[in-house]
file start_26.txt (compact mmCIF, C-alpha atoms)
# COMPACT_ATOMS: atom_id res chain seq x y z
CA MET A 1 20.73 84.98 -34.36
CA ARG A 2 21.65 82.17 -31.99
CA LEU A 3 20.20 82.25 -28.53
CA LEU A 4 22.22 80.77 -25.69
CA LEU A 5 20.57 79.49 -22.53
CA ARG A 6 23.28 80.23 -19.97
CA SER A 7 22.02 79.12 -16.60
CA LEU A 8 19.65 76.71 -14.98
CA THR A 9 18.54 77.16 -11.39
CA LEU A 10 16.69 74.20 -9.90
CA ALA A 11 15.19 75.22 -6.59
CA PRO A 12 12.63 76.52 -6.03
CA SER A 13 12.21 77.00 -9.78
CA ILE A 14 13.94 76.25 -13.05
CA LEU A 15 15.42 79.35 -14.64
CA LEU A 16 16.78 79.26 -18.15
CA VAL A 17 18.41 82.60 -18.92
CA ALA A 18 18.80 83.44 -22.58
CA HIS A 19 21.25 86.02 -23.88
CA SER A 20 20.95 87.74 -27.22
CA VAL A 21 20.50 91.36 -28.25
CA HIS A 22 17.46 91.40 -25.95
CA ALA A 23 17.81 89.17 -22.90
CA GLU A 24 14.93 86.72 -22.58
CA SER A 25 14.35 84.13 -19.91
CA LEU A 26 12.27 81.06 -19.39
CA LYS A 27 11.36 80.47 -15.78
CA LEU A 28 9.52 77.33 -14.69
CA GLU A 29 7.78 77.69 -11.35
CA PRO A 30 5.22 75.54 -9.55
CA GLY A 31 1.68 76.48 -10.56
CA LYS A 32 2.80 78.37 -13.67
CA SER A 33 3.47 77.68 -17.33
CA ALA A 34 6.01 78.96 -19.84
CA GLU A 35 6.38 78.60 -23.59
CA ILE A 36 9.35 77.93 -25.86
CA THR A 37 9.75 78.00 -29.62
CA CYS A 38 12.06 75.56 -31.37
CA ASP A 39 13.33 75.58 -34.94
CA THR A 40 14.21 72.03 -35.91
CA ARG A 41 15.05 69.67 -38.74
CA SER A 42 13.95 66.05 -38.69
CA VAL A 43 14.65 62.96 -40.72
CA VAL A 44 12.31 59.97 -40.74
CA VAL A 45 14.64 57.04 -41.26
CA ALA A 46 12.28 54.08 -40.89
CA THR A 47 10.70 54.31 -44.34
CA ASN A 48 13.73 53.03 -46.28
CA ALA A 49 14.11 56.53 -47.69
CA ALA A 50 15.24 59.56 -45.71
CA ASN A 51 12.34 62.01 -45.50
CA ALA A 52 13.58 65.35 -44.16
CA THR A 53 11.39 68.22 -42.97
CA ALA A 54 12.14 71.51 -41.20
CA GLY A 55 10.11 74.09 -39.35
CA SER A 56 9.08 75.61 -36.06
CA MET A 57 7.10 74.41 -33.10
CA ARG A 58 5.84 76.12 -29.98
CA LEU A 59 5.65 74.12 -26.75
CA LYS A 60 4.02 74.90 -23.41
CA LEU A 61 5.73 73.71 -20.23
CA ASP A 62 3.69 73.39 -17.01
CA VAL A 63 4.69 72.66 -13.43
CA ALA A 64 1.76 71.72 -11.17
CA ALA A 65 1.16 73.80 -8.05
CA GLY A 66 2.84 72.24 -5.06
CA GLU A 67 5.28 70.26 -7.20
CA LYS A 68 9.02 70.73 -7.58
CA ALA A 69 10.12 72.44 -10.80
CA GLU A 70 12.17 69.37 -11.75
CA LYS A 71 9.05 67.67 -13.15
CA GLY A 72 6.03 68.77 -15.12
CA SER A 73 4.17 68.37 -18.37
CA TRP A 74 4.53 69.76 -21.85
CA ALA A 75 2.04 70.21 -24.68
CA ILE A 76 2.14 71.34 -28.29
CA VAL A 77 0.81 74.85 -28.85
CA SER A 78 1.56 74.94 -32.58
CA VAL A 79 3.72 73.38 -35.28
CA ASP A 80 4.34 74.20 -38.94
CA ASP A 81 2.06 72.05 -41.13
CA ALA A 82 4.91 71.18 -43.49
CA HIS A 83 7.11 69.89 -40.64
CA LYS A 84 5.67 66.35 -40.88
CA GLY A 85 8.67 64.65 -39.25
CA SER A 86 8.53 66.84 -36.15
CA LEU A 87 7.91 65.40 -32.70
CA ALA A 88 5.17 68.04 -32.38
CA GLN A 89 3.34 66.71 -35.47
CA ARG A 90 3.85 63.12 -34.35
CA HIS A 91 2.50 63.69 -30.81
CA LYS A 92 -0.17 66.35 -31.40
CA ASP A 93 -2.93 64.06 -30.16
CA ALA A 94 -1.00 62.06 -27.54
CA CYS A 95 0.29 65.22 -25.86
CA ALA A 96 -2.80 67.41 -26.32
CA LYS A 97 -3.42 67.30 -22.57
CA GLY A 98 0.27 67.08 -21.72
CA CYS A 99 3.16 64.63 -21.74
CA PRO A 100 5.76 64.48 -18.94
CA PHE A 101 9.08 66.28 -18.67
CA ASP A 102 11.83 66.03 -16.08
CA LEU A 103 15.40 67.11 -15.49
CA SER A 104 18.29 64.73 -16.01
CA GLY A 105 21.08 64.44 -13.46
CA LYS A 106 23.06 66.84 -15.68
CA GLY A 107 20.30 69.45 -15.62
CA ASP A 108 19.04 68.80 -19.16
CA LEU A 109 15.31 69.22 -19.77
CA GLN A 110 13.92 65.86 -20.98
CA LEU A 111 10.59 65.80 -22.82
CA TRP A 112 8.94 62.37 -23.00
CA ALA A 113 6.13 61.23 -25.27
CA PRO A 114 3.87 59.62 -24.49
CA GLU A 115 5.53 58.66 -21.17
CA PRO A 116 8.97 57.77 -19.79
CA LYS A 117 9.90 54.22 -20.70
CA ALA A 118 13.06 52.30 -21.52
CA VAL A 119 13.44 51.42 -25.21
CA ASP A 120 13.95 47.76 -24.38
CA LYS A 121 10.52 47.73 -22.68
CA LEU A 122 8.64 48.86 -25.82
CA GLY A 123 6.23 46.50 -27.53
CA ASP A 124 6.43 45.98 -31.31
CA LYS A 125 4.04 48.86 -32.10
CA ASP A 126 4.72 51.09 -29.07
CA GLN A 127 6.02 54.56 -29.81
CA LEU A 128 8.45 56.57 -27.66
CA THR A 129 10.04 59.97 -28.16
CA ILE A 130 12.68 61.45 -25.89
CA ALA A 131 13.77 65.03 -26.56
CA VAL A 132 16.60 66.65 -24.63
CA ILE A 133 17.09 70.40 -24.38
CA LYS A 134 20.54 71.51 -23.21
CA PRO A 135 20.19 74.65 -21.05
CA ASP A 136 23.71 75.92 -21.80
CA SER A 137 23.36 75.88 -25.60
CA SER A 138 19.56 75.85 -26.23
CA GLU A 139 20.12 72.79 -28.44
CA ILE A 140 17.30 70.24 -28.76
CA LYS A 141 17.82 66.67 -29.94
CA ALA A 142 15.02 64.13 -30.20
CA SER A 143 14.82 60.45 -31.06
CA THR A 144 11.61 58.59 -31.80
CA PHE A 145 11.32 54.83 -31.60
CA VAL A 146 8.60 52.49 -32.82
CA GLY A 147 9.07 49.16 -31.15
CA ARG A 148 12.78 49.00 -30.49
CA GLU A 149 13.71 50.53 -33.85
CA ILE A 150 14.63 54.15 -34.50
CA GLU A 151 11.88 55.89 -36.46
CA SER A 152 13.15 59.48 -36.67
CA LEU A 153 15.79 61.93 -35.49
CA GLU A 154 15.32 65.65 -34.91
CA SER A 155 17.60 68.50 -33.89
CA GLY A 156 17.59 72.27 -33.67
CA SER A 157 17.51 75.13 -31.19
CA CYS A 158 14.94 76.55 -28.77
CA LYS A 159 14.33 79.86 -27.03
CA ALA A 160 11.86 81.37 -24.63
CA ALA A 161 8.72 82.36 -26.56
CA PRO A 162 7.97 86.08 -26.74

call {"tool": "encode", "arguments": {"input": "start_26.txt", "output": "structure tokens"}}
result
Amino acid sequence: MRLLLRSLTLAPSILLVAHSVHAESLKLEPGKSAEITCDTRSVVVATNAANATAGSMRLKLDVAAGEKAEKGSWAIVSVDDAHKGSLAQRHKDACAKGCPFDLSGKGDLQLWAPEPKAVDKLGDKDQLTIAVIKPDSSEIKASTFVGREIESLESGSCKAAP
């Protein structure tokens, strides 16, 4: 069953409303956390052989008290062991205490790991992942770079965790 995130309200909180047989919602408010689950497929392209994995991950989104809901941190709650190419597997340690998220000008939720940085500013061994979740479709797409080269691509769908 596909879950569609239909609306996003920015102030004073972020509200992602999901419609399926049972309506679910993800609401991000200052001082509170929410969780999402994402089913994704990833392909590691940097190894000269496409290595594809698929699975689920559960992410926790936090907005600090006194902050606007447009910014916060995210952390990995769980990820399937076999999903080796997942951004959650890749950043388990780096994001254990949280990595930043923000909203784009279009209202997309952007997850950064380990921190927001332009690709052209990466050193040869620096790693950067940017994942974008579209609130109107629940679609997630992520790109991971090592240095200035693409390391892996990931896509799938997310929903508010039960």

call {"tool": "atom_distance", "arguments": {"input": "start_26.txt", "atom1": "CA of Leu153 (chain A)", "atom2": "CA of Cys95 (chain A)"}}
result
18.5 Å

call {"tool": "atom_distance", "arguments": {"input": "start_26.txt", "atom1": "CA of Thr40 (chain A)", "atom2": "CA of Lys68 (chain A)"}}
result
28.8 Å

call {"tool": "closest_residue", "arguments": {"input": "start_26.txt", "among": "A:Ser104, A:Ser152, A:Gln110, A:Thr129", "to": "His91 (chain A)", "atoms": "all atoms listed in the file"}}
result
A:Thr129

call {"tool": "residues_near_point", "arguments": {"input": "start_26.txt", "point": "(17.1, 67.1, -34.9)", "cutoff": "7 Å", "atoms": "all atoms listed in the file", "output": "PDB file with C-alpha atoms, keeping the file's coordinate frame"}}
result
ATOM      1  CA  THR A  40      14.210  72.030 -35.910  1.00  0.00           C
ATOM      2  CA  ARG A  41      15.050  69.670 -38.740  1.00  0.00           C
ATOM      3  CA  SER A  42      13.950  66.050 -38.690  1.00  0.00           C
ATOM      4  CA  ILE A 140      17.300  70.240 -28.760  1.00  0.00           C
ATOM      5  CA  LYS A 141      17.820  66.670 -29.940  1.00  0.00           C
ATOM      6  CA  ALA A 142      15.020  64.130 -30.200  1.00  0.00           C
ATOM      7  CA  LEU A 153      15.790  61.930 -35.490  1.00  0.00           C
ATOM      8  CA  GLU A 154      15.320  65.650 -34.910  1.00  0.00           C
ATOM      9  CA  SER A 155      17.600  68.500 -33.890  1.00  0.00           C
ATOM     10  CA  GLY A 156      17.590  72.270 -33.670  1.00  0.00           C
TER      11      GLY A 156
END

call {"tool": "atom_distance", "arguments": {"input": "start_26.txt", "atom1": "CA of Val119 (chain A)", "atom2": "CA of Leu103 (chain A)"}}
result
18.6 Å

call {"tool": "closest_residue", "arguments": {"input": "start_26.txt", "among": "A:Gly55, A:Gly107, A:Gly66, A:Pro114", "to": "Cys158 (chain A)", "atoms": "all atoms listed in the file"}}
result
A:Gly55

call {"tool": "residues_around", "arguments": {"input": "start_26.txt", "residues": "Lys97 (chain A)", "least_positions_apart": "5", "cutoff": "12 Å", "atoms": "only C-alpha atoms", "output": "list of chain:residue names"}}
result
A:Lys60, A:Leu61, A:Asp62, A:Ser73, A:Trp74, A:Ala75, A:Ile76, A:Val77, A:His91, A:Lys92, A:Ala113, A:Pro114

call {"tool": "residues_around", "arguments": {"input": "start_26.txt", "residues": "Asp80 (chain A)", "least_positions_apart": "5", "cutoff": "9 Å", "atoms": "all atoms listed in the file", "output": "MDAnalysis selection string"}}
result
chainID A and resid 54:57 86 89

call {"tool": "write_last_selection", "arguments": {"input": "start_26.txt", "atoms": "C-alpha atoms", "output": "tab-separated table (two decimals), in the frame of the given file"}}
result
chain	number	residue	atom	x	y	z
A	54	ALA	CA	12.14	71.51	-41.20
A	55	GLY	CA	10.11	74.09	-39.35
A	56	SER	CA	9.08	75.61	-36.06
A	57	MET	CA	7.10	74.41	-33.10
A	86	SER	CA	8.53	66.84	-36.15
A	89	GLN	CA	3.34	66.71	-35.47

call {"tool": "closest_residue", "arguments": {"input": "start_26.txt", "among": "A:Ala52, A:Leu87, A:Ala94, A:Leu28", "to": "Ala64 (chain A)", "atoms": "all atoms listed in the file"}}
result
A:Leu28

call {"tool": "residues_around", "arguments": {"input": "start_26.txt", "residues": "Trp112 (chain A)", "least_positions_apart": "2", "cutoff": "8 Å", "atoms": "only C-alpha atoms", "output": "PDB file with C-alpha atoms, keeping the file's coordinate frame"}}
result
ATOM      1  CA  CYS A  99       3.160  64.630 -21.740  1.00  0.00           C
ATOM      2  CA  PRO A 100       5.760  64.480 -18.940  1.00  0.00           C
ATOM      3  CA  PHE A 101       9.080  66.280 -18.670  1.00  0.00           C
ATOM      4  CA  GLN A 110      13.920  65.860 -20.980  1.00  0.00           C
ATOM      5  CA  PRO A 114       3.870  59.620 -24.490  1.00  0.00           C
ATOM      6  CA  GLU A 115       5.530  58.660 -21.170  1.00  0.00           C
ATOM      7  CA  PRO A 116       8.970  57.770 -19.790  1.00  0.00           C
ATOM      8  CA  LEU A 128       8.450  56.570 -27.660  1.00  0.00           C
ATOM      9  CA  THR A 129      10.040  59.970 -28.160  1.00  0.00           C
ATOM     10  CA  ILE A 130      12.680  61.450 -25.890  1.00  0.00           C
ATOM     11  CA  ALA A 131      13.770  65.030 -26.560  1.00  0.00           C
TER      12      ALA A 131
END

call {"tool": "residues_around", "arguments": {"input": "start_26.txt", "residues": "Thr37 (chain A)", "least_positions_apart": "2", "cutoff": "7 Å", "atoms": "all atoms listed in the file", "output": "PyMOL selection string"}}
result
chain A and resi 35+39+56-59+158-161

call {"tool": "write_last_selection", "arguments": {"input": "start_26.txt", "atoms": "C-alpha atoms", "output": "PDB file, in the coordinates of the input"}}
result
ATOM      1  CA  GLU A  35       6.380  78.600 -23.590  1.00  0.00           C
ATOM      2  CA  ASP A  39      13.330  75.580 -34.940  1.00  0.00           C
ATOM      3  CA  SER A  56       9.080  75.610 -36.060  1.00  0.00           C
ATOM      4  CA  MET A  57       7.100  74.410 -33.100  1.00  0.00           C
ATOM      5  CA  ARG A  58       5.840  76.120 -29.980  1.00  0.00           C
ATOM      6  CA  LEU A  59       5.650  74.120 -26.750  1.00  0.00           C
ATOM      7  CA  CYS A 158      14.940  76.550 -28.770  1.00  0.00           C
ATOM      8  CA  LYS A 159      14.330  79.860 -27.030  1.00  0.00           C
ATOM      9  CA  ALA A 160      11.860  81.370 -24.630  1.00  0.00           C
ATOM     10  CA  ALA A 161       8.720  82.360 -26.560  1.00  0.00           C
TER      11      ALA A 161
END

call {"tool": "build_atoms", "arguments": {"input": "start_26.txt", "residues": "region 60-71 of chain A", "atoms": "N, CA and C atoms", "output": "JSON list (two decimals), in the frame of the given file"}}
result
[["chain", "number", "residue", "atom", "x", "y", "z"],
["A", 60, "LYS", "N", 4.39, 74.34, -24.71],
["A", 60, "LYS", "CA", 4.02, 74.90, -23.41],
["A", 60, "LYS", "C", 4.51, 73.95, -22.33],
["A", 61, "LEU", "N", 5.21, 74.48, -21.34],
["A", 61, "LEU", "CA", 5.73, 73.71, -20.23],
["A", 61, "LEU", "C", 4.99, 74.11, -18.96],
["A", 62, "ASP", "N", 4.45, 73.14, -18.23],
["A", 62, "ASP", "CA", 3.69, 73.39, -17.01],
["A", 62, "ASP", "C", 4.28, 72.64, -15.84],
["A", 63, "VAL", "N", 4.32, 73.30, -14.69],
["A", 63, "VAL", "CA", 4.69, 72.66, -13.43],
["A", 63, "VAL", "C", 3.49, 72.81, -12.51],
["A", 64, "ALA", "N", 2.96, 71.69, -12.01],
["A", 64, "ALA", "CA", 1.76, 71.72, -11.17],
["A", 64, "ALA", "C", 2.05, 72.46, -9.86],
["A", 65, "ALA", "N", 1.04, 73.13, -9.34],
["A", 65, "ALA", "CA", 1.16, 73.80, -8.05],
["A", 65, "ALA", "C", 1.53, 72.78, -6.99],
["A", 66, "GLY", "N", 2.43, 73.14, -6.12],
["A", 66, "GLY", "CA", 2.84, 72.24, -5.06],
["A", 66, "GLY", "C", 3.88, 71.22, -5.46],
["A", 67, "GLU", "N", 4.26, 71.20, -6.72],
["A", 67, "GLU", "CA", 5.28, 70.26, -7.20],
["A", 67, "GLU", "C", 6.62, 70.96, -7.31],
["A", 68, "LYS", "N", 7.69, 70.18, -7.34],
["A", 68, "LYS", "CA", 9.02, 70.73, -7.58],
["A", 68, "LYS", "C", 9.14, 71.04, -9.07],
["A", 69, "ALA", "N", 9.96, 72.02, -9.41],
["A", 69, "ALA", "CA", 10.12, 72.44, -10.80],
["A", 69, "ALA", "C", 10.90, 71.43, -11.63],
["A", 70, "GLU", "N", 11.40, 70.37, -11.01],
["A", 70, "GLU", "CA", 12.17, 69.37, -11.75],
["A", 70, "GLU", "C", 11.29, 68.45, -12.58],
["A", 71, "LYS", "N", 9.97, 68.51, -12.39],
["A", 71, "LYS", "CA", 9.05, 67.67, -13.15],
["A", 71, "LYS", "C", 7.83, 68.48, -13.55]]
